Protein chains: 2
Amino acid sequence: MSASFRYAVNVAPKAGILDPQGRAVEHSLPHLGVSGVSAIRVGRRIELTVEAADVAAARAVVERLAGELLSNPLIEVYHVEPLGAASSLVAEAPR
Amino acid sequence: MSASFRYAVNVAPKAGILDPQGRAVEHSLPHLGVSGVSAIRVGRRIELTVEAADVAAARAVVERLAGELLSNPLIEVYHVEPLGAASSLVAEAPR
């Protein structure tokens, strides 16, 4: 017996690491007439479904992928977020 | 008087829209000896701080940025997520 678990892996540039995409967004704010927005960091969000015997086994797979494939630990931090069906941005991938 | 509010904007390719980065991740799984992972979608996550008079005003700014600058509504969906200080991946940007 196995079950499906859906997760998001949120990846962001470490504090102190240059974030050129964040700078680009900040520089475009005046053109939109927006002020009062700061500390912009642009990262990635990967959603995926894991088939595993239980939640602990599923979580172990996701943690391994997050550290070895989905992020670069030298310059990025990641956080694994368990998703209910309602939290997923993409309807095609139910928990 | 104004206060600081921190948000994340999660952006994902719409269901049915090609996601080449997600495909690339899927294709690399066998090389890592990982199986049972599916429905991978790769999107972006933007964290930002808004100075505003109240939470409603801050939220309005974030929603506008999300729809006009941070996502392409033709091919992407976004979700605005209010962050407590603990939820932010980046320590330099407290709520």
# chains A, B, ... in the order shown; residues from 1 in each chain; ligands from 1
call {"tool": "calpha_fit_and_write", "arguments": {"fixed": "chain A", "moving": "chain B", "output": "mmCIF file with N, CA, C and O atoms, in the first residue's frame"}}
result
data_model
loop_
_atom_site.group_PDB
_atom_site.id
_atom_site.type_symbol
_atom_site.label_atom_id
_atom_site.label_comp_id
_atom_site.auth_asym_id
_atom_site.auth_seq_id
_atom_site.Cartn_x
_atom_site.Cartn_y
_atom_site.Cartn_z
ATOM 1 N N MET B 1 0.864 -1.170 0.059
ATOM 2 C CA MET B 1 0.028 0.038 0.024
ATOM 3 C C MET B 1 0.908 1.286 0.042
ATOM 4 O O MET B 1 1.840 1.412 0.809
ATOM 5 N N SER B 2 0.581 2.207 -0.837
ATOM 6 C CA SER B 2 1.268 3.484 -0.788
ATOM 7 C C SER B 2 0.251 4.604 -0.990
ATOM 8 O O SER B 2 -0.855 4.373 -1.474
ATOM 9 N N ALA B 3 0.637 5.780 -0.620
ATOM 10 C CA ALA B 3 -0.253 6.936 -0.742
ATOM 11 C C ALA B 3 0.479 8.071 -1.434
ATOM 12 O O ALA B 3 1.699 8.060 -1.572
ATOM 13 N N SER B 4 -0.293 9.076 -1.855
ATOM 14 C CA SER B 4 0.272 10.236 -2.539
ATOM 15 C C SER B 4 0.360 11.420 -1.591
ATOM 16 O O SER B 4 -0.596 11.705 -0.866
ATOM 17 N N PHE B 5 1.485 12.084 -1.621
ATOM 18 C CA PHE B 5 1.670 13.272 -0.800
ATOM 19 C C PHE B 5 2.180 14.397 -1.701
ATOM 20 O O PHE B 5 3.083 14.182 -2.492
ATOM 21 N N ARG B 6 1.578 15.575 -1.550
ATOM 22 C CA ARG B 6 2.023 16.695 -2.389
ATOM 23 C C ARG B 6 2.762 17.721 -1.533
ATOM 24 O O ARG B 6 2.344 18.027 -0.410
ATOM 25 N N TYR B 7 3.863 18.195 -2.085
ATOM 26 C CA TYR B 7 4.717 19.153 -1.376
ATOM 27 C C TYR B 7 5.063 20.319 -2.290
ATOM 28 O O TYR B 7 5.059 20.186 -3.509
ATOM 29 N N ALA B 8 5.421 21.437 -1.658
ATOM 30 C CA ALA B 8 6.114 22.511 -2.364
ATOM 31 C C ALA B 8 7.497 22.654 -1.736
ATOM 32 O O ALA B 8 7.653 22.509 -0.520
ATOM 33 N N VAL B 9 8.475 22.897 -2.583
ATOM 34 C CA VAL B 9 9.818 23.251 -2.112
ATOM 35 C C VAL B 9 10.061 24.705 -2.493
ATOM 36 O O VAL B 9 10.074 25.045 -3.680
ATOM 37 N N ASN B 10 10.188 25.564 -1.494
ATOM 38 C CA ASN B 10 10.444 26.984 -1.722
ATOM 39 C C ASN B 10 11.939 27.246 -1.602
ATOM 40 O O ASN B 10 12.552 26.889 -0.597
ATOM 41 N N VAL B 11 12.511 27.841 -2.628
ATOM 42 C CA VAL B 11 13.949 28.079 -2.678
ATOM 43 C C VAL B 11 14.183 29.581 -2.812
ATOM 44 O O VAL B 11 13.551 30.233 -3.647
ATOM 45 N N ALA B 12 15.070 30.130 -1.980
ATOM 46 C CA ALA B 12 15.359 31.563 -2.042
ATOM 47 C C ALA B 12 16.858 31.787 -1.963
ATOM 48 O O ALA B 12 17.580 30.975 -1.370
ATOM 49 N N PRO B 13 17.336 32.885 -2.550
ATOM 50 C CA PRO B 13 18.756 33.219 -2.370
ATOM 51 C C PRO B 13 19.033 33.487 -0.904
ATOM 52 O O PRO B 13 18.222 34.105 -0.214
ATOM 53 N N LYS B 14 20.175 33.001 -0.407
ATOM 54 C CA LYS B 14 20.548 33.266 0.978
ATOM 55 C C LYS B 14 20.661 34.758 1.227
ATOM 56 O O LYS B 14 21.002 35.523 0.327
ATOM 57 N N ALA B 15 20.418 35.162 2.475
ATOM 58 C CA ALA B 15 20.646 36.554 2.854
ATOM 59 C C ALA B 15 22.103 36.903 2.561
ATOM 60 O O ALA B 15 23.008 36.130 2.854
ATOM 61 N N GLY B 16 22.328 38.049 1.939
ATOM 62 C CA GLY B 16 23.685 38.485 1.633
ATOM 63 C C GLY B 16 24.141 38.081 0.247
ATOM 64 O O GLY B 16 25.116 38.607 -0.270
ATOM 65 N N ILE B 17 23.436 37.116 -0.365
ATOM 66 C CA ILE B 17 23.767 36.700 -1.737
ATOM 67 C C ILE B 17 23.046 37.638 -2.708
ATOM 68 O O ILE B 17 21.872 37.942 -2.530
ATOM 69 N N LEU B 18 23.774 38.083 -3.710
ATOM 70 C CA LEU B 18 23.196 38.992 -4.694
ATOM 71 C C LEU B 18 21.976 38.366 -5.352
ATOM 72 O O LEU B 18 21.962 37.188 -5.676
ATOM 73 N N ASP B 19 20.936 39.178 -5.527
ATOM 74 C CA ASP B 19 19.694 38.692 -6.137
ATOM 75 C C ASP B 19 19.311 39.636 -7.283
ATOM 76 O O ASP B 19 18.505 40.549 -7.114
ATOM 77 N N PRO B 20 19.899 39.411 -8.461
ATOM 78 C CA PRO B 20 19.670 40.359 -9.569
ATOM 79 C C PRO B 20 18.212 40.447 -9.987
ATOM 80 O O PRO B 20 17.743 41.528 -10.381
ATOM 81 N N GLN B 21 17.472 39.342 -9.893
ATOM 82 C CA GLN B 21 16.051 39.402 -10.256
ATOM 83 C C GLN B 21 15.276 40.279 -9.274
ATOM 84 O O GLN B 21 14.372 41.027 -9.666
ATOM 85 N N GLY B 22 15.627 40.183 -7.994
ATOM 86 C CA GLY B 22 14.984 41.044 -7.008
ATOM 87 C C GLY B 22 15.286 42.523 -7.266
ATOM 88 O O GLY B 22 14.402 43.376 -7.162
ATOM 89 N N ARG B 23 16.555 42.798 -7.633
ATOM 90 C CA ARG B 23 16.912 44.178 -7.963
ATOM 91 C C ARG B 23 16.108 44.673 -9.156
ATOM 92 O O ARG B 23 15.659 45.818 -9.200
ATOM 93 N N ALA B 24 15.950 43.813 -10.152
ATOM 94 C CA ALA B 24 15.217 44.210 -11.363
ATOM 95 C C ALA B 24 13.775 44.570 -11.025
ATOM 96 O O ALA B 24 13.226 45.554 -11.527
ATOM 97 N N VAL B 25 13.160 43.772 -10.150
ATOM 98 C CA VAL B 25 11.785 44.073 -9.748
ATOM 99 C C VAL B 25 11.741 45.412 -9.013
ATOM 100 O O VAL B 25 10.882 46.257 -9.286
ATOM 101 N N GLU B 26 12.693 45.622 -8.099
ATOM 102 C CA GLU B 26 12.710 46.887 -7.351
ATOM 103 C C GLU B 26 12.836 48.092 -8.280
ATOM 104 O O GLU B 26 12.175 49.109 -8.095
ATOM 105 N N HIS B 27 13.685 47.952 -9.292
ATOM 106 C CA HIS B 27 13.902 49.082 -10.197
ATOM 107 C C HIS B 27 12.695 49.376 -11.074
ATOM 108 O O HIS B 27 12.568 50.475 -11.599
ATOM 109 N N SER B 28 11.828 48.398 -11.258
ATOM 110 C CA SER B 28 10.663 48.646 -12.107
ATOM 111 C C SER B 28 9.486 49.238 -11.328
ATOM 112 O O SER B 28 8.509 49.694 -11.934
ATOM 113 N N LEU B 29 9.580 49.273 -10.006
ATOM 114 C CA LEU B 29 8.446 49.762 -9.211
ATOM 115 C C LEU B 29 8.090 51.227 -9.490
ATOM 116 O O LEU B 29 6.899 51.552 -9.624
ATOM 117 N N PRO B 30 9.078 52.113 -9.601
ATOM 118 C CA PRO B 30 8.712 53.524 -9.870
ATOM 119 C C PRO B 30 7.931 53.691 -11.170
ATOM 120 O O PRO B 30 7.041 54.546 -11.253
ATOM 121 N N HIS B 31 8.234 52.862 -12.177
ATOM 122 C CA HIS B 31 7.512 52.957 -13.454
ATOM 123 C C HIS B 31 6.043 52.588 -13.299
ATOM 124 O O HIS B 31 5.203 53.003 -14.092
ATOM 125 N N LEU B 32 5.755 51.774 -12.289
ATOM 126 C CA LEU B 32 4.362 51.400 -12.016
ATOM 127 C C LEU B 32 3.714 52.364 -11.018
ATOM 128 O O LEU B 32 2.541 52.194 -10.667
ATOM 129 N N GLY B 33 4.469 53.335 -10.548
ATOM 130 C CA GLY B 33 3.932 54.261 -9.558
ATOM 131 C C GLY B 33 3.771 53.642 -8.183
ATOM 132 O O GLY B 33 2.949 54.090 -7.387
ATOM 133 N N VAL B 34 4.557 52.607 -7.897
ATOM 134 C CA VAL B 34 4.445 51.916 -6.609
ATOM 135 C C VAL B 34 5.611 52.319 -5.712
ATOM 136 O O VAL B 34 6.763 52.323 -6.141
ATOM 137 N N SER B 35 5.297 52.666 -4.474
ATOM 138 C CA SER B 35 6.367 52.941 -3.507
ATOM 139 C C SER B 35 6.085 52.166 -2.221
ATOM 140 O O SER B 35 5.003 51.599 -2.046
ATOM 141 N N GLY B 36 7.060 52.131 -1.329
ATOM 142 C CA GLY B 36 6.874 51.459 -0.053
ATOM 143 C C GLY B 36 7.072 49.958 -0.098
ATOM 144 O O GLY B 36 6.726 49.252 0.841
ATOM 145 N N VAL B 37 7.634 49.454 -1.198
ATOM 146 C CA VAL B 37 7.908 48.012 -1.314
ATOM 147 C C VAL B 37 9.412 47.811 -1.266
ATOM 148 O O VAL B 37 10.161 48.500 -1.968
ATOM 149 N N SER B 38 9.864 46.891 -0.421
ATOM 150 C CA SER B 38 11.303 46.711 -0.234
ATOM 151 C C SER B 38 11.614 45.257 0.068
ATOM 152 O O SER B 38 10.713 44.425 0.187
ATOM 153 N N ALA B 39 12.911 44.966 0.199
ATOM 154 C CA ALA B 39 13.386 43.625 0.580
ATOM 155 C C ALA B 39 12.803 42.552 -0.317
ATOM 156 O O ALA B 39 12.321 41.519 0.142
ATOM 157 N N ILE B 40 12.871 42.785 -1.619
ATOM 158 C CA ILE B 40 12.327 41.829 -2.591
ATOM 159 C C ILE B 40 13.359 40.740 -2.869
ATOM 160 O O ILE B 40 14.504 41.038 -3.185
ATOM 161 N N ARG B 41 12.930 39.498 -2.724
ATOM 162 C CA ARG B 41 13.805 38.360 -3.044
ATOM 163 C C ARG B 41 13.050 37.455 -4.004
ATOM 164 O O ARG B 41 11.915 37.067 -3.745
ATOM 165 N N VAL B 42 13.688 37.106 -5.088
ATOM 166 C CA VAL B 42 13.050 36.244 -6.084
ATOM 167 C C VAL B 42 13.674 34.856 -6.022
ATOM 168 O O VAL B 42 14.887 34.700 -6.184
ATOM 169 N N GLY B 43 12.845 33.875 -5.768
ATOM 170 C CA GLY B 43 13.302 32.491 -5.699
ATOM 171 C C GLY B 43 12.434 31.596 -6.564
ATOM 172 O O GLY B 43 11.703 32.067 -7.426
ATOM 173 N N ARG B 44 12.510 30.307 -6.298
ATOM 174 C CA ARG B 44 11.723 29.334 -7.059
ATOM 175 C C ARG B 44 10.770 28.596 -6.126
ATOM 176 O O ARG B 44 10.972 28.530 -4.921
ATOM 177 N N ARG B 45 9.715 28.061 -6.723
ATOM 178 C CA ARG B 45 8.792 27.219 -5.978
ATOM 179 C C ARG B 45 8.500 26.003 -6.841
ATOM 180 O O ARG B 45 7.972 26.124 -7.946
ATOM 181 N N ILE B 46 8.851 24.825 -6.342
ATOM 182 C CA ILE B 46 8.650 23.582 -7.078
ATOM 183 C C ILE B 46 7.584 22.775 -6.358
ATOM 184 O O ILE B 46 7.702 22.508 -5.162
ATOM 185 N N GLU B 47 6.524 22.405 -7.064
ATOM 186 C CA GLU B 47 5.495 21.548 -6.484
ATOM 187 C C GLU B 47 5.628 20.159 -7.085
ATOM 188 O O GLU B 47 5.876 20.023 -8.287
ATOM 189 N N LEU B 48 5.452 19.146 -6.246
ATOM 190 C CA LEU B 48 5.595 17.780 -6.735
ATOM 191 C C LEU B 48 4.775 16.818 -5.885
ATOM 192 O O LEU B 48 4.424 17.120 -4.740
ATOM 193 N N THR B 49 4.474 15.668 -6.471
ATOM 194 C CA THR B 49 3.722 14.615 -5.795
ATOM 195 C C THR B 49 4.632 13.419 -5.577
ATOM 196 O O THR B 49 5.366 13.025 -6.490
ATOM 197 N N VAL B 50 4.610 12.862 -4.370
ATOM 198 C CA VAL B 50 5.432 11.710 -4.035
ATOM 199 C C VAL B 50 4.531 10.544 -3.660
ATOM 200 O O VAL B 50 3.638 10.694 -2.818
ATOM 201 N N GLU B 51 4.767 9.401 -4.287
ATOM 202 C CA GLU B 51 4.129 8.153 -3.871
ATOM 203 C C GLU B 51 5.053 7.472 -2.881
ATOM 204 O O GLU B 51 6.213 7.185 -3.202
ATOM 205 N N ALA B 52 4.551 7.190 -1.680
ATOM 206 C CA ALA B 52 5.406 6.547 -0.685
ATOM 207 C C ALA B 52 4.539 5.786 0.302
ATOM 208 O O ALA B 52 3.316 5.962 0.351
ATOM 209 N N ALA B 53 5.202 4.936 1.099
ATOM 210 C CA ALA B 53 4.476 4.086 2.033
ATOM 211 C C ALA B 53 3.801 4.919 3.122
ATOM 212 O O ALA B 53 2.705 4.611 3.568
ATOM 213 N N ASP B 54 4.476 5.988 3.556
ATOM 214 C CA ASP B 54 3.904 6.847 4.591
ATOM 215 C C ASP B 54 4.503 8.237 4.473
ATOM 216 O O ASP B 54 5.389 8.488 3.646
ATOM 217 N N VAL B 55 4.017 9.142 5.322
ATOM 218 C CA VAL B 55 4.422 10.543 5.181
ATOM 219 C C VAL B 55 5.902 10.737 5.486
ATOM 220 O O VAL B 55 6.565 11.585 4.879
ATOM 221 N N ALA B 56 6.454 9.935 6.384
ATOM 222 C CA ALA B 56 7.875 10.075 6.716
ATOM 223 C C ALA B 56 8.746 9.710 5.516
ATOM 224 O O ALA B 56 9.739 10.393 5.216
ATOM 225 N N ALA B 57 8.369 8.638 4.821
ATOM 226 C CA ALA B 57 9.134 8.227 3.639
ATOM 227 C C ALA B 57 9.008 9.273 2.533
ATOM 228 O O ALA B 57 9.982 9.589 1.840
ATOM 229 N N ALA B 58 7.812 9.825 2.361
ATOM 230 C CA ALA B 58 7.607 10.844 1.335
ATOM 231 C C ALA B 58 8.443 12.083 1.640
ATOM 232 O O ALA B 58 9.132 12.632 0.769
ATOM 233 N N ARG B 59 8.426 12.488 2.896
ATOM 234 C CA ARG B 59 9.182 13.668 3.304
ATOM 235 C C ARG B 59 10.682 13.478 3.067
ATOM 236 O O ARG B 59 11.387 14.396 2.648
ATOM 237 N N ALA B 60 11.167 12.260 3.330
ATOM 238 C CA ALA B 60 12.597 11.993 3.135
ATOM 239 C C ALA B 60 12.989 12.151 1.671
ATOM 240 O O ALA B 60 14.055 12.699 1.354
ATOM 241 N N VAL B 61 12.122 11.688 0.776
ATOM 242 C CA VAL B 61 12.405 11.837 -0.658
ATOM 243 C C VAL B 61 12.458 13.310 -1.039
ATOM 244 O O VAL B 61 13.370 13.765 -1.750
ATOM 245 N N VAL B 62 11.486 14.079 -0.547
ATOM 246 C CA VAL B 62 11.427 15.498 -0.899
ATOM 247 C C VAL B 62 12.645 16.249 -0.355
ATOM 248 O O VAL B 62 13.247 17.077 -1.043
ATOM 249 N N GLU B 63 13.016 15.955 0.887
ATOM 250 C CA GLU B 63 14.178 16.632 1.477
ATOM 251 C C GLU B 63 15.447 16.333 0.667
ATOM 252 O O GLU B 63 16.282 17.215 0.436
ATOM 253 N N ARG B 64 15.577 15.098 0.214
ATOM 254 C CA ARG B 64 16.762 14.747 -0.573
ATOM 255 C C ARG B 64 16.768 15.495 -1.904
ATOM 256 O O ARG B 64 17.786 16.065 -2.307
ATOM 257 N N LEU B 65 15.627 15.512 -2.586
ATOM 258 C CA LEU B 65 15.552 16.237 -3.850
ATOM 259 C C LEU B 65 15.819 17.730 -3.650
ATOM 260 O O LEU B 65 16.500 18.368 -4.452
ATOM 261 N N ALA B 66 15.265 18.277 -2.579
ATOM 262 C CA ALA B 66 15.425 19.711 -2.328
ATOM 263 C C ALA B 66 16.897 20.077 -2.157
ATOM 264 O O ALA B 66 17.369 21.083 -2.694
ATOM 265 N N GLY B 67 17.635 19.252 -1.434
ATOM 266 C CA GLY B 67 19.028 19.565 -1.156
ATOM 267 C C GLY B 67 19.989 19.212 -2.270
ATOM 268 O O GLY B 67 21.036 19.846 -2.436
ATOM 269 N N GLU B 68 19.630 18.179 -3.067
ATOM 270 C CA GLU B 68 20.592 17.679 -4.059
ATOM 271 C C GLU B 68 20.284 18.131 -5.480
ATOM 272 O O GLU B 68 21.167 18.170 -6.337
ATOM 273 N N LEU B 69 19.008 18.439 -5.752
ATOM 274 C CA LEU B 69 18.627 18.709 -7.144
ATOM 275 C C LEU B 69 17.974 20.081 -7.313
ATOM 276 O O LEU B 69 18.238 20.790 -8.280
ATOM 277 N N LEU B 70 17.122 20.452 -6.365
ATOM 278 C CA LEU B 70 16.279 21.630 -6.571
ATOM 279 C C LEU B 70 16.895 22.924 -6.048
ATOM 280 O O LEU B 70 16.417 24.013 -6.381
ATOM 281 N N SER B 71 17.916 22.820 -5.223
ATOM 282 C CA SER B 71 18.564 24.035 -4.714
ATOM 283 C C SER B 71 20.072 23.870 -4.741
ATOM 284 O O SER B 71 20.585 22.757 -4.825
ATOM 285 N N ASN B 72 20.750 24.978 -4.670
ATOM 286 C CA ASN B 72 22.210 24.999 -4.537
ATOM 287 C C ASN B 72 22.526 25.469 -3.126
ATOM 288 O O ASN B 72 22.429 26.663 -2.831
ATOM 289 N N PRO B 73 22.897 24.543 -2.233
ATOM 290 C CA PRO B 73 23.044 24.892 -0.813
ATOM 291 C C PRO B 73 24.105 25.954 -0.540
ATOM 292 O O PRO B 73 24.091 26.577 0.523
ATOM 293 N N LEU B 74 25.012 26.176 -1.486
ATOM 294 C CA LEU B 74 26.031 27.208 -1.275
ATOM 295 C C LEU B 74 25.422 28.604 -1.263
ATOM 296 O O LEU B 74 25.879 29.486 -0.535
ATOM 297 N N ILE B 75 24.429 28.817 -2.076
ATOM 298 C CA ILE B 75 23.911 30.179 -2.255
ATOM 299 C C ILE B 75 22.412 30.288 -2.002
ATOM 300 O O ILE B 75 21.851 31.376 -2.067
ATOM 301 N N GLU B 76 21.756 29.158 -1.710
ATOM 302 C CA GLU B 76 20.306 29.195 -1.552
ATOM 303 C C GLU B 76 19.864 28.465 -0.286
ATOM 304 O O GLU B 76 20.558 27.580 0.212
ATOM 305 N N VAL B 77 18.713 28.852 0.218
ATOM 306 C CA VAL B 77 18.066 28.115 1.299
ATOM 307 C C VAL B 77 16.753 27.555 0.768
ATOM 308 O O VAL B 77 16.155 28.124 -0.143
ATOM 309 N N TYR B 78 16.319 26.425 1.340
ATOM 310 C CA TYR B 78 15.029 25.880 0.915
ATOM 311 C C TYR B 78 14.186 25.539 2.122
ATOM 312 O O TYR B 78 14.693 25.392 3.240
ATOM 313 N N HIS B 79 12.892 25.435 1.875
ATOM 314 C CA HIS B 79 11.935 25.090 2.915
ATOM 315 C C HIS B 79 10.897 24.168 2.278
ATOM 316 O O HIS B 79 10.347 24.497 1.234
ATOM 317 N N VAL B 80 10.676 23.009 2.898
ATOM 318 C CA VAL B 80 9.702 22.059 2.380
ATOM 319 C C VAL B 80 8.346 22.324 3.025
ATOM 320 O O VAL B 80 8.237 22.431 4.249
ATOM 321 N N GLU B 81 7.332 22.447 2.201
ATOM 322 C CA GLU B 81 5.987 22.799 2.679
ATOM 323 C C GLU B 81 4.997 21.711 2.259
ATOM 324 O O GLU B 81 4.782 21.506 1.062
ATOM 325 N N PRO B 82 4.414 20.984 3.198
ATOM 326 C CA PRO B 82 3.378 19.999 2.836
ATOM 327 C C PRO B 82 2.147 20.739 2.329
ATOM 328 O O PRO B 82 1.761 21.762 2.890
ATOM 329 N N LEU B 83 1.551 20.228 1.263
ATOM 330 C CA LEU B 83 0.399 20.893 0.667
ATOM 331 C C LEU B 83 -0.854 20.049 0.807
ATOM 332 O O LEU B 83 -0.844 18.857 0.503
ATOM 333 N N GLY B 84 -1.926 20.667 1.266
ATOM 334 C CA GLY B 84 -3.224 20.061 1.047
ATOM 335 C C GLY B 84 -3.625 20.326 -0.385
ATOM 336 O O GLY B 84 -3.007 21.116 -1.089
ATOM 337 N N ALA B 85 -4.666 19.657 -0.857
ATOM 338 C CA ALA B 85 -5.099 19.840 -2.236
ATOM 339 C C ALA B 85 -5.403 21.309 -2.516
ATOM 340 O O ALA B 85 -5.117 21.825 -3.587
ATOM 341 N N ALA B 86 -5.938 22.004 -1.524
ATOM 342 C CA ALA B 86 -6.363 23.379 -1.739
ATOM 343 C C ALA B 86 -5.188 24.339 -1.878
ATOM 344 O O ALA B 86 -5.319 25.410 -2.448
ATOM 345 N N SER B 87 -4.016 23.959 -1.346
ATOM 346 C CA SER B 87 -2.877 24.859 -1.370
ATOM 347 C C SER B 87 -2.103 24.799 -2.677
ATOM 348 O O SER B 87 -1.288 25.657 -2.962
ATOM 349 N N SER B 88 -2.335 23.744 -3.461
ATOM 350 C CA SER B 88 -1.588 23.607 -4.698
ATOM 351 C C SER B 88 -2.083 24.630 -5.703
ATOM 352 O O SER B 88 -3.279 24.857 -5.857
ATOM 353 N N LEU B 89 -1.128 25.263 -6.402
ATOM 354 C CA LEU B 89 -1.515 26.258 -7.397
ATOM 355 C C LEU B 89 -2.058 25.598 -8.652
ATOM 356 O O LEU B 89 -2.703 26.238 -9.454
ATOM 357 N N VAL B 90 -1.770 24.328 -8.838
ATOM 358 C CA VAL B 90 -2.067 23.679 -10.109
ATOM 359 C C VAL B 90 -3.088 22.562 -9.897
ATOM 360 O O VAL B 90 -2.839 21.608 -9.179
ATOM 361 N N ALA B 91 -4.236 22.701 -10.507
ATOM 362 C CA ALA B 91 -5.338 21.787 -10.252
ATOM 363 C C ALA B 91 -5.066 20.366 -10.719
ATOM 364 O O ALA B 91 -5.615 19.420 -10.184
ATOM 365 N N GLU B 92 -4.204 20.215 -11.715
ATOM 366 C CA GLU B 92 -3.979 18.884 -12.288
ATOM 367 C C GLU B 92 -3.270 17.934 -11.333
ATOM 368 O O GLU B 92 -3.174 16.754 -11.604
ATOM 369 N N ALA B 93 -2.780 18.436 -10.231
ATOM 370 C CA ALA B 93 -1.964 17.603 -9.368
ATOM 371 C C ALA B 93 -2.540 17.532 -7.963
ATOM 372 O O ALA B 93 -2.078 18.193 -7.050
ATOM 373 N N PRO B 94 -3.579 16.752 -7.762
ATOM 374 C CA PRO B 94 -4.198 16.659 -6.445
ATOM 375 C C PRO B 94 -3.302 15.906 -5.481
ATOM 376 O O PRO B 94 -2.451 15.131 -5.899
ATOM 377 N N ARG B 95 -3.512 16.175 -4.197
ATOM 378 C CA ARG B 95 -2.771 15.444 -3.186
ATOM 379 C C ARG B 95 -3.282 14.009 -3.119
ATOM 380 O O ARG B 95 -2.527 13.081 -3.020
#
call {"tool": "select_by_dssp", "arguments": {"residues": "range 6-94 of chain A", "states": "strand (DSSP E or B)", "output": "PyMOL selection string"}}
result
chain A and resi 6-13+37-52+76-83
